Every structure is written in C-alpha cells, then in structure tokens.
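Undergrad: run33.json is reproduced in full below (JSON, C-alpha atoms and all ligand atoms).
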[["chain", "number", "residue", "atom", "x", "y", "z"],
["A", 23, "MET", "CA", 0.00, 0.00, 0.00],
["A", 24, "ALA", "CA", 1.31, 3.51, -0.81],
["A", 25, "SER", "CA", 2.51, 5.39, 2.25],
["A", 26, "GLN", "CA", -0.11, 7.54, 3.92],
["A", 27, "ASP", "CA", 0.16, 11.32, 4.25],
["A", 28, "TYR", "CA", -1.10, 11.81, 7.80],
["A", 29, "LEU", "CA", -2.39, 15.09, 9.24],
["A", 30, "PHE", "CA", -0.25, 14.54, 12.34],
["A", 31, "ALA", "CA", 2.28, 11.97, 13.54],
["A", 32, "PRO", "CA", 0.51, 8.66, 14.36],
["A", 33, "GLU", "CA", 2.73, 8.24, 17.47],
["A", 34, "ILE", "CA", 0.77, 11.10, 19.06],
["A", 35, "LEU", "CA", -2.06, 8.59, 19.44],
["A", 36, "ASP", "CA", 0.10, 6.39, 21.69],
["A", 37, "ILE", "CA", -2.09, 7.33, 24.63],
["A", 38, "ASP", "CA", -3.92, 5.39, 27.30],
["A", 39, "LEU", "CA", -7.72, 5.39, 27.05],
["A", 40, "ASP", "CA", -7.83, 4.57, 30.77],
["A", 41, "GLN", "CA", -6.86, 8.23, 31.28],
["A", 42, "SER", "CA", -10.31, 9.15, 29.93],
["A", 43, "ASP", "CA", -13.54, 9.49, 31.95],
["A", 44, "ALA", "CA", -15.24, 7.29, 29.32],
["A", 45, "LYS", "CA", -15.65, 3.76, 30.63],
["A", 46, "PHE", "CA", -15.71, 0.83, 28.22],
["A", 47, "ASN", "CA", -17.47, -2.45, 28.78],
["A", 48, "PRO", "CA", -16.18, -4.63, 27.20],
["A", 49, "LYS", "CA", -12.80, -2.93, 27.26],
["A", 50, "LEU", "CA", -11.60, -1.17, 24.12],
["A", 51, "SER", "CA", -8.25, 0.41, 23.39],
["A", 52, "ILE", "CA", -6.88, 2.68, 20.69],
["A", 53, "ALA", "CA", -4.62, -0.16, 19.54],
["A", 54, "ASP", "CA", -7.56, -2.60, 19.54],
["A", 55, "PRO", "CA", -10.87, -0.83, 18.83],
["A", 56, "GLY", "CA", -12.59, -3.93, 17.43],
["A", 57, "GLU", "CA", -12.11, -6.53, 14.73],
["A", 58, "GLY", "CA", -11.03, -5.03, 11.41],
["A", 59, "LEU", "CA", -11.02, -1.51, 12.85],
["A", 60, "VAL", "CA", -8.08, 0.87, 13.14],
["A", 61, "VAL", "CA", -7.83, 4.24, 14.91],
["A", 62, "ARG", "CA", -5.41, 6.68, 13.29],
["A", 63, "PRO", "CA", -4.90, 10.28, 12.17],
["A", 64, "LEU", "CA", -6.80, 11.50, 9.13],
["A", 65, "ALA", "CA", -4.78, 10.91, 5.94],
["A", 66, "LYS", "CA", -4.89, 12.76, 2.65],
["A", 67, "GLN", "CA", -5.91, 9.46, 1.04],
["A", 68, "ASP", "CA", -9.13, 9.43, 3.10],
["A", 69, "TYR", "CA", -10.84, 11.45, 0.37],
["A", 70, "GLU", "CA", -11.09, 8.06, -1.36],
["A", 71, "LYS", "CA", -12.21, 6.29, 1.79],
["A", 72, "GLY", "CA", -15.48, 8.07, 2.38],
["A", 73, "PHE", "CA", -14.42, 10.56, 5.06],
["A", 74, "LEU", "CA", -16.60, 13.31, 3.56],
["A", 75, "GLN", "CA", -19.54, 10.92, 3.13],
["A", 76, "LEU", "CA", -19.22, 10.13, 6.85],
["A", 77, "LEU", "CA", -19.32, 13.83, 7.74],
["A", 78, "LYS", "CA", -22.59, 14.05, 5.78],
["A", 79, "GLU", "CA", -24.13, 11.91, 8.53],
["A", 80, "LEU", "CA", -23.35, 14.82, 10.88],
["A", 81, "THR", "CA", -24.15, 17.93, 8.88],
["A", 82, "SER", "CA", -24.12, 19.60, 5.47],
["A", 83, "VAL", "CA", -20.80, 19.15, 3.67],
["A", 84, "GLY", "CA", -21.43, 20.23, 0.08],
["A", 85, "ASN", "CA", -19.52, 19.12, -2.99],
["A", 86, "ILE", "CA", -15.80, 19.17, -2.30],
["A", 87, "SER", "CA", -13.43, 18.50, -5.19],
["A", 88, "GLN", "CA", -10.27, 16.52, -4.59],
["A", 89, "GLU", "CA", -8.32, 19.72, -5.24],
["A", 90, "ALA", "CA", -10.25, 21.62, -2.57],
["A", 91, "TRP", "CA", -9.84, 18.70, -0.16],
["A", 92, "GLU", "CA", -6.08, 18.60, -0.65],
["A", 93, "ALA", "CA", -5.72, 22.37, -0.27],
["A", 94, "ARG", "CA", -7.65, 22.32, 3.02],
["A", 95, "PHE", "CA", -5.77, 19.23, 4.25],
["A", 96, "ASN", "CA", -2.42, 20.92, 3.51],
["A", 97, "ASP", "CA", -3.53, 24.14, 5.24],
["A", 98, "MET", "CA", -4.55, 22.21, 8.35],
["A", 99, "LYS", "CA", -1.33, 20.23, 8.36],
["A", 100, "GLN", "CA", 0.74, 23.40, 8.12],
["A", 101, "CYS", "CA", -0.94, 24.78, 11.25],
["A", 102, "LYS", "CA", 1.31, 22.64, 13.40],
["A", 103, "ASP", "CA", 0.00, 21.33, 16.73],
["A", 104, "THR", "CA", -3.50, 22.64, 16.02],
["A", 105, "TYR", "CA", -5.71, 20.17, 14.11],
["A", 106, "PHE", "CA", -6.03, 16.59, 15.29],
["A", 107, "VAL", "CA", -8.63, 14.80, 13.18],
["A", 108, "VAL", "CA", -8.84, 11.19, 14.36],
["A", 109, "VAL", "CA", -10.59, 8.57, 12.25],
["A", 110, "ILE", "CA", -11.76, 5.00, 12.71],
["A", 111, "GLU", "CA", -11.31, 2.92, 9.55],
["A", 112, "ASP", "CA", -12.98, -0.37, 8.77],
["A", 113, "THR", "CA", -9.97, -1.93, 7.06],
["A", 114, "THR", "CA", -12.04, -4.78, 5.64],
["A", 115, "LEU", "CA", -13.89, -2.22, 3.50],
["A", 116, "ASN", "CA", -11.23, 0.54, 3.34],
["A", 117, "LYS", "CA", -13.88, 2.87, 4.69],
["A", 118, "ILE", "CA", -13.81, 5.61, 7.33],
["A", 119, "ILE", "CA", -16.65, 4.86, 9.73],
["A", 120, "GLY", "CA", -15.97, 7.19, 12.65],
["A", 121, "ALA", "CA", -14.26, 10.48, 13.34],
["A", 122, "SER", "CA", -13.67, 13.23, 15.86],
["A", 123, "THR", "CA", -11.52, 16.34, 15.90],
["A", 124, "LEU", "CA", -9.52, 18.11, 18.57],
["A", 125, "VAL", "CA", -8.67, 21.73, 17.75],
["A", 126, "VAL", "CA", -5.99, 23.19, 20.02],
["A", 127, "GLU", "CA", -6.41, 26.89, 20.65],
["A", 128, "LYS", "CA", -3.31, 28.71, 21.88],
["A", 129, "LYS", "CA", -3.99, 31.53, 24.33],
["A", 130, "PHE", "CA", -2.19, 34.23, 26.31],
["A", 131, "ILE", "CA", -4.34, 33.76, 29.41],
["A", 132, "HIS", "CA", -3.48, 31.09, 31.94],
["A", 133, "GLU", "CA", 0.22, 31.59, 31.30],
["A", 134, "CYS", "CA", 0.02, 31.04, 27.57],
["A", 135, "GLY", "CA", -2.33, 28.11, 28.12],
["A", 136, "LYS", "CA", -4.02, 25.93, 25.51],
["A", 137, "VAL", "CA", -7.68, 24.90, 25.28],
["A", 138, "GLY", "CA", -8.84, 21.85, 23.35],
["A", 139, "ARG", "CA", -12.16, 21.96, 21.50],
["A", 140, "VAL", "CA", -13.87, 18.76, 20.44],
["A", 141, "GLU", "CA", -15.58, 19.04, 17.06],
["A", 142, "ASP", "CA", -17.29, 16.91, 14.42],
["A", 143, "VAL", "CA", -17.92, 13.70, 16.33],
["A", 144, "VAL", "CA", -19.64, 11.11, 14.16],
["A", 145, "VAL", "CA", -20.00, 7.35, 13.83],
["A", 146, "SER", "CA", -21.56, 5.87, 10.72],
["A", 147, "ASN", "CA", -25.09, 4.61, 11.25],
["A", 148, "ASP", "CA", -24.25, 0.92, 10.68],
["A", 149, "TYR", "CA", -21.56, 1.02, 13.37],
["A", 150, "ARG", "CA", -23.43, 2.82, 16.14],
["A", 151, "GLY", "CA", -24.01, 1.23, 19.55],
["A", 152, "ARG", "CA", -20.57, -0.45, 19.58],
["A", 153, "GLN", "CA", -18.88, 2.11, 21.89],
["A", 154, "LEU", "CA", -17.16, 3.75, 18.93],
["A", 155, "GLY", "CA", -18.66, 7.18, 19.66],
["A", 156, "LYS", "CA", -17.44, 6.80, 23.21],
["A", 157, "LEU", "CA", -14.04, 5.88, 21.80],
["A", 158, "ALA", "CA", -13.98, 8.84, 19.39],
["A", 159, "VAL", "CA", -14.83, 11.27, 22.21],
["A", 160, "GLY", "CA", -12.87, 9.41, 24.89],
["A", 161, "ILE", "CA", -9.60, 9.69, 22.96],
["A", 162, "MET", "CA", -9.85, 13.47, 23.02],
["A", 163, "GLN", "CA", -9.32, 13.75, 26.78],
["A", 164, "PRO", "CA", -5.89, 12.07, 27.11],
["A", 165, "LEU", "CA", -4.92, 13.54, 23.73],
["A", 166, "ALA", "CA", -5.67, 17.08, 24.93],
["A", 167, "LYS", "CA", -3.82, 16.39, 28.16],
["A", 168, "LYS", "CA", -0.80, 15.09, 26.26],
["A", 169, "LEU", "CA", -0.82, 18.20, 24.07],
["A", 170, "GLY", "CA", -0.74, 20.45, 27.15],
["A", 171, "CYS", "CA", -4.35, 21.71, 27.20],
["A", 172, "TYR", "CA", -5.74, 22.77, 30.58],
["A", 173, "LYS", "CA", -9.35, 22.01, 29.57],
["A", 174, "VAL", "CA", -11.47, 20.58, 26.75],
["A", 175, "THR", "CA", -14.76, 22.12, 25.64],
["A", 176, "LEU", "CA", -17.49, 21.21, 23.18],
["A", 177, "ASN", "CA", -20.89, 22.41, 22.03],
["A", 178, "CYS", "CA", -23.84, 20.12, 21.57],
["A", 179, "THR", "CA", -27.61, 20.08, 21.27],
["A", 180, "ASP", "CA", -29.81, 19.56, 24.35],
["A", 181, "SER", "CA", -30.43, 15.98, 23.26],
["A", 182, "MET", "CA", -26.71, 15.20, 23.43],
["A", 183, "VAL", "CA", -26.09, 16.65, 26.90],
["A", 184, "LYS", "CA", -26.76, 13.30, 28.58],
["A", 185, "TYR", "CA", -24.36, 11.58, 26.21],
["A", 186, "TYR", "CA", -21.47, 13.92, 26.96],
["A", 187, "THR", "CA", -22.26, 14.00, 30.68],
["A", 188, "GLY", "CA", -21.67, 10.24, 30.66],
["A", 189, "LEU", "CA", -18.23, 10.91, 29.20],
["A", 190, "GLY", "CA", -17.20, 13.32, 31.97],
["A", 191, "TYR", "CA", -18.27, 16.69, 30.50],
["A", 192, "LYS", "CA", -20.15, 19.13, 32.71],
["A", 193, "MET", "CA", -22.22, 22.24, 32.15],
["A", 194, "GLU", "CA", -20.29, 24.96, 33.93],
["A", 195, "ASP", "CA", -22.61, 27.30, 35.87],
["A", 196, "ASN", "CA", -20.61, 30.37, 35.01],
["A", 197, "ASN", "CA", -20.24, 29.46, 31.36],
["A", 198, "ALA", "CA", -23.43, 27.68, 30.36],
["A", 199, "ASN", "CA", -24.48, 29.93, 27.49],
["A", 200, "PHE", "CA", -23.08, 29.19, 24.10],
["A", 201, "MET", "CA", -23.66, 32.19, 21.82],
["A", 202, "CYS", "CA", -23.29, 32.35, 18.08],
["A", 203, "LEU", "CA", -23.55, 34.95, 15.32],
["A", 204, "ARG", "CA", -24.07, 33.28, 11.96],
["A", 205, "LEU", "CA", -22.35, 34.98, 9.03],
["B", 1, "LIG", "C1", -23.56, 10.42, 18.84],
["B", 1, "LIG", "C2", -22.86, 9.26, 18.16],
["B", 1, "LIG", "C3", -21.43, 9.68, 17.82],
["B", 1, "LIG", "C4", -22.83, 8.09, 19.15],
["B", 1, "LIG", "O1", -22.11, 7.05, 18.53],
["B", 1, "LIG", "P1", -22.23, 5.53, 19.01],
["B", 1, "LIG", "O2", -21.05, 4.81, 18.46],
["B", 1, "LIG", "O3", -23.56, 4.98, 18.71],
["B", 1, "LIG", "O4", -22.11, 5.71, 20.59],
["B", 1, "LIG", "P2", -21.68, 4.62, 21.64],
["B", 1, "LIG", "O5", -21.96, 3.24, 21.15],
["B", 1, "LIG", "O6", -20.29, 4.91, 22.05],
["B", 1, "LIG", "O7", -22.67, 4.99, 22.82],
["B", 1, "LIG", "C5", -22.18, 5.20, 24.08],
["B", 1, "LIG", "C6", -23.34, 5.43, 25.04],
["B", 1, "LIG", "O8", -24.06, 6.61, 24.72],
["B", 1, "LIG", "C7", -25.44, 6.33, 24.50],
["B", 1, "LIG", "N1", -25.89, 7.19, 23.41],
["B", 1, "LIG", "C8", -25.62, 7.06, 22.10],
["B", 1, "LIG", "N2", -26.21, 8.07, 21.41],
["B", 1, "LIG", "C9", -26.83, 8.84, 22.32],
["B", 1, "LIG", "C10", -27.63, 10.03, 22.24],
["B", 1, "LIG", "N3", -27.89, 10.62, 21.07],
["B", 1, "LIG", "N4", -28.11, 10.54, 23.39],
["B", 1, "LIG", "C11", -27.88, 9.96, 24.60],
["B", 1, "LIG", "N5", -27.14, 8.84, 24.74],
["B", 1, "LIG", "C12", -26.64, 8.29, 23.61],
["B", 1, "LIG", "C13", -25.46, 4.86, 24.16],
["B", 1, "LIG", "O9", -26.73, 4.33, 24.50],
["B", 1, "LIG", "C14", -24.35, 4.30, 25.03],
["B", 1, "LIG", "O10", -24.81, 4.17, 26.35],
["B", 1, "LIG", "P3", -24.25, 2.99, 27.30],
["B", 1, "LIG", "O11", -22.76, 3.19, 27.44],
["B", 1, "LIG", "O12", -25.00, 3.20, 28.57],
["B", 1, "LIG", "O13", -24.58, 1.73, 26.59],
["B", 1, "LIG", "C15", -23.60, 8.78, 16.89],
["B", 1, "LIG", "O14", -24.92, 8.47, 17.24],
["B", 1, "LIG", "C16", -23.60, 9.80, 15.77],
["B", 1, "LIG", "O15", -22.66, 9.86, 14.99],
["B", 1, "LIG", "N6", -24.70, 10.60, 15.65],
["B", 1, "LIG", "C17", -24.83, 11.57, 14.56],
["B", 1, "LIG", "C18", -23.84, 12.71, 14.70],
["B", 1, "LIG", "C19", -23.92, 13.40, 16.05],
["B", 1, "LIG", "O16", -24.98, 13.66, 16.59],
["B", 1, "LIG", "N7", -22.71, 13.71, 16.59],
["B", 1, "LIG", "C20", -22.57, 14.43, 17.84],
["B", 1, "LIG", "C21", -22.64, 15.89, 17.59],
["B", 1, "LIG", "S1", -22.50, 16.82, 19.12]]
Using the file provided, produce a representation of the structure as structure tokens.
Ligand SMILES: CC(C)(COP(=O)(O)OP(=O)(O)OC[C@H]1O[C@@H](n2cnc3c(N)ncnc32)[C@H](O)[C@@H]1OP(=O)(O)O)[C@@H](O)C(=O)NCCC(=O)NCCS

TA:
Amino acid sequence: MASQDYLFAPEILDIDLDQSDAKFNPKLSIADPGEGLVVRPLAKQDYEKGFLQLLKELTSVGNISQEAWEARFNDMKQCKDTYFVVVIEDTTLNKIIGASTLVVEKKFIHECGKVGRVEDVVVSNDYRGRQLGKLAVGIMQPLAKKLGCYKVTLNCTDSMVKYYTGLGYKMEDNNANFMCLRL
C-alpha cells in the first residue's frame, strides 16, 4: 500500500484510554478498537475512503473537489499542533466509519495556556451502539492532556447533553451559554 500522508504523527495517538472518563465495557483500546477496525490520524488518502460521506451523517458538507480537499488538508497540516482529526477505519472495506476532531487553541491567558475543542464527532449509522462514539470522544481527553491543554470544551444540542455527561463533561454554571452569530 502507498505510504499515507497523515495530518499529524501517528505516534501522538500512543495514549492510554484509561486516562479518559469514558468507561468501556467490554474494554476497548486505541490499539484494539474492534475486529477489522483501526484508529489513526486523518490521511490525505481518506478522500477516497469516504471521510466526507461520513461527515454528511453529521451535517451539510457540500460538494468538495479533490483539489479543494487537498488544499484544506495541507492548510490544516501546516498549522502545526492545532488540528487533530482522528478517524476510525474499517480496514475490511477501506472505509472511514468514525471520526472526531480536537482543535488546540493557543492563548495568552493562563500563562500562555491551551484549550482543546472537540468538534465533528460522528459514527456511521451501521456502526453505532458499539462504543465507537465513546471511543472517538474518549480519545480526546488524554490527547488534549498530552498536548498540554488545561481544559477541553465542546458544544452540543440539548439531546446530546446526557451523552457527553456520561463521558465526563459538565455544564459549567458560570459558562453555560453558548452564543453564536451566523455569518
Ligand atoms: C452520537 C454518536 C457519535 C454516538 O455514537 P455511538 O457509536 O452509537 O455511541 P456509543 O456506542 O459509544 O454509545 C455510548 C453510550 O451513549 C449512549 N448514546 C448514544 N447516542 C446517544 C444520544 N444521542 N443521546 C444519549 N445517549 C446516547 C449509548 O446508548 C451508550 O450508552 P451505554 O454506554 O449506557 O450503553 C452517533 O450516534 C452519531 O454519529 N450521531 C450523529 C452525529 C452526532 O450527533 N454527533 C454528535 C454531535 S455533538
């Protein structure tokens, strides 16, 4: 197989899922997420493996040419230590079936601290209910810790609050209102 052009070094995912608040029963690990499945960084070759089709199960994606995909992938890769798109591939079908993203925001406050933001969590319909969503979100906690973040945040709909609460996230009393100005 041709070598993969990864968004970030795969060794960064050498992390222990036990460091996450997500609890797995039966146990899952990043190295062993299930038969035929692999957890790894997004690769440029994932255009061919249905990554964008997977994102369509989350929200509107539009028509993205391979050229546009590669330009965005390269941009993200150049922003070192910022974009960590993690995918779950079903290697029996060469298909991306799950994904989540950690965006690392560098700040001046908190002594030049960093905040991780979890984005674009999705598991393909046929693979739901197998703890893969928990895995996709659960990875983000030790990953953010390893990358030096002091906290991880995310936005979700009311219907997903229970889901994320089960994975250790809390509504913070002083910061419960998410506001947005659409452009
Ligand atoms: C949300 C999503 C990622 C969950 O994926 P999944 O692989 O089915 O989740 P898991 O198998 O890891 O489920 C873990 C637990 O959460 C529960 N759960 C799953 N979806 C849930 C939901 N929408 N609301 C509340 N609980 C939910 C499961 O019942 C399971 O509970 P258990 O541990 O007590 O058995 C998946 O349904 C999805 O991709 N949905 C569409 C995109 C989306 O909504 N993404 C999140 C945007 S904020």

Undergrad: Which residues are near ligand LIG 1 (chain B) - at most 12 Å, using all atoms listed in the file? Format: as number ranges by chain.

TA: A: 44-50, 55, 76-82, 110, 119-123, 139-161, 175-189

Undergrad: Would you write out those residues with C-alpha atoms, as a CSV table (one decimal), in the frame of the given file?

TA:
chain,number,residue,atom,x,y,z
A,44,ALA,CA,-15.2,7.3,29.3
A,45,LYS,CA,-15.6,3.8,30.6
A,46,PHE,CA,-15.7,0.8,28.2
A,47,ASN,CA,-17.5,-2.4,28.8
A,48,PRO,CA,-16.2,-4.6,27.2
A,49,LYS,CA,-12.8,-2.9,27.3
A,50,LEU,CA,-11.6,-1.2,24.1
A,55,PRO,CA,-10.9,-0.8,18.8
A,76,LEU,CA,-19.2,10.1,6.8
A,77,LEU,CA,-19.3,13.8,7.7
A,78,LYS,CA,-22.6,14.0,5.8
A,79,GLU,CA,-24.1,11.9,8.5
A,80,LEU,CA,-23.4,14.8,10.9
A,81,THR,CA,-24.2,17.9,8.9
A,82,SER,CA,-24.1,19.6,5.5
A,110,ILE,CA,-11.8,5.0,12.7
A,119,ILE,CA,-16.6,4.9,9.7
A,120,GLY,CA,-16.0,7.2,12.6
A,121,ALA,CA,-14.3,10.5,13.3
A,122,SER,CA,-13.7,13.2,15.9
A,123,THR,CA,-11.5,16.3,15.9
A,139,ARG,CA,-12.2,22.0,21.5
A,140,VAL,CA,-13.9,18.8,20.4
A,141,GLU,CA,-15.6,19.0,17.1
A,142,ASP,CA,-17.3,16.9,14.4
A,143,VAL,CA,-17.9,13.7,16.3
A,144,VAL,CA,-19.6,11.1,14.2
A,145,VAL,CA,-20.0,7.4,13.8
A,146,SER,CA,-21.6,5.9,10.7
A,147,ASN,CA,-25.1,4.6,11.2
A,148,ASP,CA,-24.2,0.9,10.7
A,149,TYR,CA,-21.6,1.0,13.4
A,150,ARG,CA,-23.4,2.8,16.1
A,151,GLY,CA,-24.0,1.2,19.6
A,152,ARG,CA,-20.6,-0.4,19.6
A,153,GLN,CA,-18.9,2.1,21.9
A,154,LEU,CA,-17.2,3.8,18.9
A,155,GLY,CA,-18.7,7.2,19.7
A,156,LYS,CA,-17.4,6.8,23.2
A,157,LEU,CA,-14.0,5.9,21.8
A,158,ALA,CA,-14.0,8.8,19.4
A,159,VAL,CA,-14.8,11.3,22.2
A,160,GLY,CA,-12.9,9.4,24.9
A,161,ILE,CA,-9.6,9.7,23.0
A,175,THR,CA,-14.8,22.1,25.6
A,176,LEU,CA,-17.5,21.2,23.2
A,177,ASN,CA,-20.9,22.4,22.0
A,178,CYS,CA,-23.8,20.1,21.6
A,179,THR,CA,-27.6,20.1,21.3
A,180,ASP,CA,-29.8,19.6,24.4
A,181,SER,CA,-30.4,16.0,23.3
A,182,MET,CA,-26.7,15.2,23.4
A,183,VAL,CA,-26.1,16.6,26.9
A,184,LYS,CA,-26.8,13.3,28.6
A,185,TYR,CA,-24.4,11.6,26.2
A,186,TYR,CA,-21.5,13.9,27.0
A,187,THR,CA,-22.3,14.0,30.7
A,188,GLY,CA,-21.7,10.2,30.7
A,189,LEU,CA,-18.2,10.9,29.2

Undergrad: Please, which residues in region 55-109 of chain A fall within 8 Å of region 29-43 of chain A when counting all atoms listed in the file, and what is the closest atom pair and distance in Å to one decimal for each, ordered by chain then residue number, as CSV?

TA:
residue,atom,partner,partner_atom,distance
A:Arg62,CA,A:Pro32,CA,6.3
A:Pro63,CA,A:Pro32,CA,6.1
A:Leu64,CA,A:Leu29,CA,5.7
A:Ala65,CA,A:Leu29,CA,5.8
A:Lys66,CA,A:Leu29,CA,7.4
A:Phe95,CA,A:Leu29,CA,7.3
A:Met98,CA,A:Leu29,CA,7.5
A:Lys99,CA,A:Leu29,CA,5.3
A:Tyr105,CA,A:Leu29,CA,7.8
A:Phe106,CA,A:Phe30,CA,6.8
A:Val107,CA,A:Leu29,CA,7.4

Undergrad: Would you export the selected residues with C-alpha atoms as a short mmCIF file (atom, residue, chain, number, x, y, z; two decimals), keeping the file's coordinate frame, please?

TA:
data_model
loop_
_atom_site.label_atom_id
_atom_site.label_comp_id
_atom_site.auth_asym_id
_atom_site.auth_seq_id
_atom_site.Cartn_x
_atom_site.Cartn_y
_atom_site.Cartn_z
CA ARG A 62 -5.41 6.68 13.29
CA PRO A 63 -4.90 10.28 12.17
CA LEU A 64 -6.80 11.50 9.13
CA ALA A 65 -4.78 10.91 5.94
CA LYS A 66 -4.89 12.76 2.65
CA PHE A 95 -5.77 19.23 4.25
CA MET A 98 -4.55 22.21 8.35
CA LYS A 99 -1.33 20.23 8.36
CA TYR A 105 -5.71 20.17 14.11
CA PHE A 106 -6.03 16.59 15.29
CA VAL A 107 -8.63 14.80 13.18
#

Undergrad: Nearest residue to Ile118 (chain A) out of A:Leu203, A:Ile52, A:Val174, A:Leu74, using only C-alpha atoms?

TA: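 That would be A:Leu74, the residue with the smallest distance to Ile118 (chain A).
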
Undergrad: Go through A:Asp112, A:Glu133, A:Glu194, A:Glu70 one by one, measure the shortest atom-to-atom distance of each to Gly58 (chain A) using all atoms listed in the file, and give the residue with the smallest value.

TA: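 Among A:Asp112, A:Glu133, A:Glu194, A:Glu70, it is A:Asp112 that comes nearest to Gly58 (chain A).
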
Undergrad: For Gln67 (chain A), list every protein, DNA or RNA residue within 10 Å, evaluated using only C-alpha atoms, and leave out those in the same chain fewer than 6 positions away; present the list as an MDAnalysis selection string.

TA: chainID A and resid 24:28 73 92
